[in-house]
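> The following file, start_29.txt, comprises compact mmCIF, C-alpha atoms:
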# COMPACT_ATOMS: atom_id res chain seq x y z
CA MET D 1 -111.68 -36.85 0.27
CA LEU D 2 -114.69 -36.75 2.56
CA ALA D 3 -117.36 -34.20 1.67
CA PRO D 4 -117.14 -31.52 4.42
CA SER D 5 -120.80 -30.63 3.98
CA GLN D 6 -121.80 -34.16 4.96
CA ASN D 7 -119.01 -35.13 7.35
CA LEU D 8 -117.30 -33.40 10.22
CA ILE D 9 -114.26 -34.93 11.86
CA ALA D 10 -112.57 -33.40 14.88
CA ILE D 11 -109.37 -34.88 16.31
CA ASN D 12 -108.48 -33.86 19.84
CA GLY D 13 -111.07 -31.09 19.55
CA CYS D 14 -109.70 -29.59 16.30
CA ILE D 15 -111.69 -29.75 13.06
CA ARG D 16 -109.64 -31.72 10.48
CA THR D 17 -112.24 -32.76 7.90
CA THR D 18 -110.69 -31.08 4.84
CA GLN D 19 -107.30 -32.64 5.62
CA ILE D 20 -108.63 -36.20 5.69
CA GLU D 21 -108.74 -38.52 2.70
CA SER D 22 -110.53 -41.38 4.43
CA CYS D 23 -111.72 -42.48 7.85
CA ARG D 24 -112.97 -45.80 9.13
CA TYR D 25 -114.07 -47.04 12.51
CA GLU D 26 -113.07 -50.45 13.80
CA ALA D 27 -114.79 -51.80 16.89
CA PRO D 28 -114.46 -51.62 19.73
CA ASN D 29 -112.62 -48.29 20.01
CA LYS D 30 -110.33 -47.41 17.10
CA TYR D 31 -110.46 -44.96 14.19
CA TYR D 32 -108.09 -45.36 11.25
CA ILE D 33 -107.47 -42.15 9.32
CA VAL D 34 -105.58 -41.38 6.12
CA PHE D 35 -104.64 -37.74 5.59
CA THR D 36 -104.57 -36.09 2.18
CA GLY D 37 -101.19 -36.43 0.48
CA ASN D 38 -99.97 -39.15 2.84
CA PRO D 39 -100.85 -42.82 2.24
CA LYS D 40 -100.01 -43.84 5.81
CA GLU D 41 -102.97 -44.86 7.98
CA TYR D 42 -102.98 -43.48 11.52
CA ALA D 43 -104.80 -45.08 14.42
CA TYR D 44 -106.65 -43.02 17.04
CA GLY D 45 -108.56 -44.01 20.11
CA ALA D 46 -112.30 -43.43 19.89
CA ASP D 47 -112.05 -40.88 22.68
CA LYS D 48 -109.81 -38.71 20.46
CA VAL D 49 -112.03 -38.62 17.37
CA LEU D 50 -115.48 -37.14 16.79
CA TRP D 51 -117.07 -38.09 13.46
CA LEU D 52 -120.45 -36.50 12.74
CA LYS D 53 -122.59 -37.23 9.68
CA ASN D 54 -126.01 -36.33 8.23
CA PRO D 55 -126.12 -32.62 9.15
CA GLU D 56 -129.24 -30.51 9.19
CA SER D 57 -129.44 -28.14 6.21
CA LEU D 58 -130.63 -24.66 7.24
CA ASP D 59 -131.93 -21.73 5.21
CA PRO D 60 -129.33 -18.88 5.13
CA VAL D 61 -132.19 -16.38 4.79
CA VAL D 62 -133.42 -17.01 8.33
CA TYR D 63 -130.05 -17.16 10.10
CA GLN D 64 -127.32 -14.62 10.76
CA LEU D 65 -123.92 -15.80 11.93
CA ALA D 66 -120.98 -13.92 13.36
CA HIS D 67 -117.44 -15.02 14.15
CA ASN D 68 -115.50 -13.11 16.80
CA GLY D 69 -118.08 -10.37 16.62
CA ARG D 70 -117.84 -9.97 12.83
CA ARG D 71 -120.92 -10.90 10.83
CA LEU D 72 -120.38 -13.53 8.14
CA THR D 73 -121.98 -12.54 4.83
CA ASN D 74 -122.65 -14.03 1.38
CA ILE D 75 -123.55 -17.42 2.85
CA VAL D 76 -125.35 -19.70 0.40
CA ALA D 77 -125.57 -22.91 2.46
CA ILE D 78 -125.57 -23.76 6.15
CA PHE D 79 -125.07 -27.24 7.60
CA ARG D 80 -125.42 -27.91 11.32
CA PHE D 81 -123.82 -31.00 12.87
CA ARG D 82 -124.88 -32.10 16.35
CA ASP D 83 -124.14 -34.78 18.84
CA TYR D 84 -125.35 -35.05 22.42
CA THR D 85 -123.14 -32.27 23.78
CA GLN D 86 -121.64 -30.35 20.87
CA THR D 87 -122.67 -28.39 17.79
CA TYR D 88 -120.58 -27.65 14.72
CA TRP D 89 -121.39 -25.54 11.66
CA HIS D 90 -120.25 -25.84 8.07
CA LEU D 91 -120.78 -22.82 5.80
CA ARG D 92 -120.56 -22.43 2.04
CA PHE D 93 -120.04 -18.93 0.62
CA GLU D 94 -120.92 -17.32 -2.70
CA ASN D 95 -117.32 -17.41 -3.92
CA GLY D 96 -117.26 -21.20 -3.53
CA THR D 97 -115.17 -21.32 -0.35
CA GLU D 98 -116.31 -23.45 2.59
CA LYS D 99 -115.41 -23.43 6.26
CA SER D 100 -116.33 -25.33 9.42
CA TYR D 101 -116.69 -23.83 12.88
CA LYS D 102 -117.16 -25.00 16.42
CA GLY D 103 -120.53 -23.95 17.78
CA SER D 104 -118.83 -22.09 20.61
CA ASP D 105 -116.93 -19.94 18.07
CA LEU D 106 -120.06 -18.61 16.34
CA GLN D 107 -122.82 -16.27 17.43
CA VAL D 108 -125.99 -17.51 15.74
CA THR D 109 -129.22 -15.54 15.52
CA GLY D 110 -132.45 -16.76 13.95
CA SER D 111 -135.14 -14.66 12.29
CA CYS D 112 -138.58 -14.66 13.88
CA LEU D 113 -140.02 -14.41 10.34
CA ALA D 114 -139.30 -18.12 9.94
CA ASP D 115 -142.24 -18.61 12.29
CA SER D 116 -145.50 -18.65 10.31
CA VAL D 117 -147.50 -16.65 12.88
CA SER D 118 -144.87 -13.92 13.11
CA ASN D 119 -144.49 -13.79 9.34
CA ASN D 120 -148.25 -13.60 8.83
CA ILE D 121 -148.62 -10.63 11.18
CA PHE D 122 -145.58 -8.92 9.69
CA GLN D 123 -147.11 -9.25 6.21
CA TYR D 124 -150.35 -7.79 7.56
CA LEU D 125 -148.47 -4.77 8.93
CA GLN D 126 -146.68 -4.48 5.59
CA GLN D 127 -150.03 -4.36 3.78
CA VAL D 128 -151.29 -1.70 6.18
CA ALA D 129 -148.15 0.34 5.49
CA ALA D 130 -148.81 0.13 1.75
CA VAL D 131 -152.08 2.07 2.11
CA ASN D 132 -150.51 4.76 4.30
CA ALA D 133 -151.03 8.12 2.63
CA LEU D 134 -147.60 9.53 3.50
CA PRO D 135 -145.61 9.52 0.21
CA GLY D 136 -141.86 9.54 -0.27
CA ASP D 137 -139.93 11.77 -2.69
CA ASP D 138 -140.73 9.41 -5.55
CA GLY D 139 -144.44 9.35 -4.75
CA THR D 140 -144.51 5.79 -3.38
CA ALA D 141 -145.73 4.94 0.11
CA LEU D 142 -142.86 5.91 2.42
CA LEU D 143 -143.60 3.43 5.19
CA ALA D 144 -144.12 0.58 2.75
CA LYS D 145 -140.65 1.18 1.29
CA GLN D 146 -139.13 0.71 4.73
CA TYR D 147 -141.02 -2.55 5.25
CA ASP D 148 -139.86 -3.80 1.83
CA LYS D 149 -136.25 -3.49 2.98
CA VAL D 150 -136.79 -5.84 5.92
CA ARG D 151 -135.64 -9.39 5.20
CA PHE D 152 -134.52 -10.44 8.67
CA VAL D 153 -135.90 -9.76 12.15
CA SER D 154 -133.83 -11.22 14.96
CA ASP D 155 -135.79 -13.43 17.33
CA GLU D 156 -134.03 -11.60 20.16
CA THR D 157 -135.61 -8.21 19.34
CA ALA D 158 -138.65 -6.60 20.94
CA LEU D 159 -140.42 -6.83 17.58
CA ALA D 160 -140.23 -10.64 17.69
CA THR D 161 -142.07 -10.57 21.02
CA TYR D 162 -144.75 -8.26 19.63
CA LEU D 163 -145.25 -10.40 16.53
CA ASN D 164 -145.71 -13.63 18.48
CA PRO D 165 -145.59 -13.18 22.27
CA GLY D 166 -146.59 -16.80 22.80
CA LEU D 167 -143.39 -18.04 21.16
CA PHE D 168 -140.86 -15.26 21.67
CA ARG D 169 -141.28 -14.37 25.30
CA PRO D 170 -139.47 -11.33 26.71
CA LYS D 171 -136.47 -12.04 28.89
CA MET D 172 -136.90 -11.11 32.51
CA TYR D 173 -134.32 -9.03 34.30
CA ALA D 174 -134.04 -7.59 37.76
CA LYS D 175 -136.21 -4.50 38.09
CA ARG D 176 -134.31 -1.30 37.45
CA ARG D 177 -135.17 2.30 38.03
CA LEU D 178 -136.27 4.27 34.98
CA ILE D 179 -133.98 7.03 33.82
CA TYR D 180 -135.75 10.34 33.32
CA PRO D 181 -134.38 13.10 31.06
CA PHE D 182 -136.08 15.71 33.23
CA GLY D 183 -136.59 16.66 36.84
CA SER D 184 -139.69 15.17 38.44
CA ASN D 185 -141.38 14.65 41.76
CA ALA D 186 -142.66 11.41 43.29
CA SER D 187 -146.13 11.61 41.73
CA GLN D 188 -144.69 12.26 38.27
CA LEU D 189 -142.31 9.33 38.61
CA LYS D 190 -145.23 7.08 39.53
CA ALA D 191 -147.27 8.36 36.58
CA VAL D 192 -144.46 7.65 34.11
CA GLN D 193 -143.96 4.13 35.50
CA LYS D 194 -147.68 3.45 35.18
CA ALA D 195 -147.72 4.77 31.61
CA VAL D 196 -144.77 2.60 30.56
CA ASN D 197 -146.37 -0.52 32.01
CA GLY D 198 -149.65 0.40 30.32
CA VAL D 199 -148.00 0.64 26.91
CA LYS D 200 -146.43 -2.81 27.34
CA LEU D 201 -149.79 -4.30 28.26
CA LYS D 202 -151.63 -2.67 25.36
CA VAL D 203 -149.04 -3.82 22.82
CA PHE D 204 -149.16 -7.35 24.21
CA ARG D 205 -152.97 -7.42 23.97
CA LEU D 206 -152.99 -5.97 20.44
CA THR D 207 -150.42 -8.48 19.21
CA SER D 208 -152.30 -11.37 20.77
CA GLN D 209 -155.47 -10.26 18.96
CA LEU D 210 -153.62 -9.96 15.65
CA SER D 211 -152.18 -13.44 16.04
CA ARG D 212 -155.70 -14.81 16.32
CA HIS D 213 -157.28 -12.59 13.63
CA PRO D 214 -154.43 -11.27 11.46
CA HIS D 215 -156.60 -10.06 8.57
CA GLN D 216 -159.23 -8.16 10.49
CA SER D 217 -159.05 -4.38 10.31
What would you get if you wrote out this structure as C-alpha cells?

Amino acid sequence: MLAPSQNLIAINGCIRTTQIESCRYEAPNKYYIVFTGNPKEYAYGADKVLWLKNPESLDPVVYQLAHNGRRLTNIVAIFRFRDYTQTYWHLRFENGTEKSYKGSDLQVTGSCLADSVSNNIFQYLQQVAAVNALPGDDGTALLAKQYDKVRFVSDETALATYLNPGLFRPKMYAKRRLIYPFGSNASQLKAVQKAVNGVKLKVFRLTSQLSRHPHQS
C-alpha cells in the first residue's frame, strides 16, 4: 500500500490513496492502478488521475484547521500536497488515525507567531507583562499568566497587524459609518472619528518602532 503521508492519488476528483495497493504511470497518458484486496489492474487516462508526491511537512503548532466549520484538534502531523492549481492536505491525529482532505474542504489559518519579528515582539510584551505589579489570587503576575496561555495568534487578527504591520497588512474595506452608543452632534461625531484614526496611527507607529528596537524600554 502507498504511504498516504507521502502520496496522494485522486481519481475523477475523489481522494482514493488509502484504497490503492499500487500505481504506475505508463507514457504517454495511462495510469495502471491496483486496489487493495483486488489483484486486477485498472487502466485510467492521465486526465482522470492526479498523483502527488513529496508533500511539504508543516508544524501543527502554527496552523489551525477546520472542516465544515468544526475545528480539527489533536493533530500531530500535517502534510500539504500541491500542484499548479490544487492543494490537498493529509493529517495525522494523536490516536493514530489519518485522513486526507481537498484544500477547498478545509479552512486553514496560520499563526503570526511563526514569523520571527512577530514572535520577538510578542515575547517582549510577555516580558513586560511579567513585571506588571498587578497580582492574581495566587500572587503571580496576572497579566503574565494570560500571556502564558497564548500559543496561537491567527495571522488574520488585528494583533498580527500590530506585531508586524509590514508583513500582516490590514485588509481594506469600504468606509462605513461608526456606530455610536450615545446621542451626539456633528462636532462630536467628527471628534470621535478623529480619535479613532489617531489611535490606529499611534499603534502603527509604536509597533513599527518595536519591530526595529524590540528590546528597548
> If you count all atoms listed in the file, which residues fall within 10 Å of Trp51 of chain D, apart from same-chain ones fewer than 5 positions away, as a list in words?
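Counting all atoms listed in the file, the residues come to Asn7, Leu8, Ile9, Ala10, Ile11, Ile15, Thr17, Cys23, Arg24, Tyr25, Tyr31, Ala46, Phe81 and Asp83 of chain D.
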> List every residue of segment 49-92 of chain D that has an atom at most 10 Å from any atom of segment 145-164 of chain D, and for each one report the closest atom pair and its distance in Å to one decimal, counting all atoms listed in the file, with rows sorted by chain and then by increasing residue number, as a tab-separated table.

residue	atom	partner	partner_atom	distance
D:Val61	CA	D:Phe152	CA	7.5
D:Val62	CA	D:Phe152	CA	6.7
D:Tyr63	CA	D:Phe152	CA	8.2
D:Gln64	CA	D:Ser154	CA	8.5
> Enter the distance from atom CA of Thr18 of chain D to atom CA of Ala77 of chain D, in Å, rounded to one decimal.
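Taking atom CA of Thr18 of chain D as the start and atom CA of Ala77 of chain D as the end point, the length is 17.1 Å.
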> Would you mind telling me which residue in D:Gln188, D:Leu143, D:Cys112, D:Ser100 lies nearest to Gln127 of chain D when using only C-alpha atoms?
D:Leu143
> Which distance in Å separates atom CA of Leu167 of chain D and atom CA of Thr109 of chain D, to one decimal?
15.5 Å
> Kindly give the distance, in Å, that separates atom CA of Leu106 of chain D and atom CA of Lys48 of chain D, rounded to a single decimal.
22.9 Å
> Name all residues at most 10 Å from Leu134 of chain D (count all atoms listed in the file; drop same-chain ones fewer than 6 positions away) and give them as an MDAnalysis selection string.
chainID D and resid 140:144
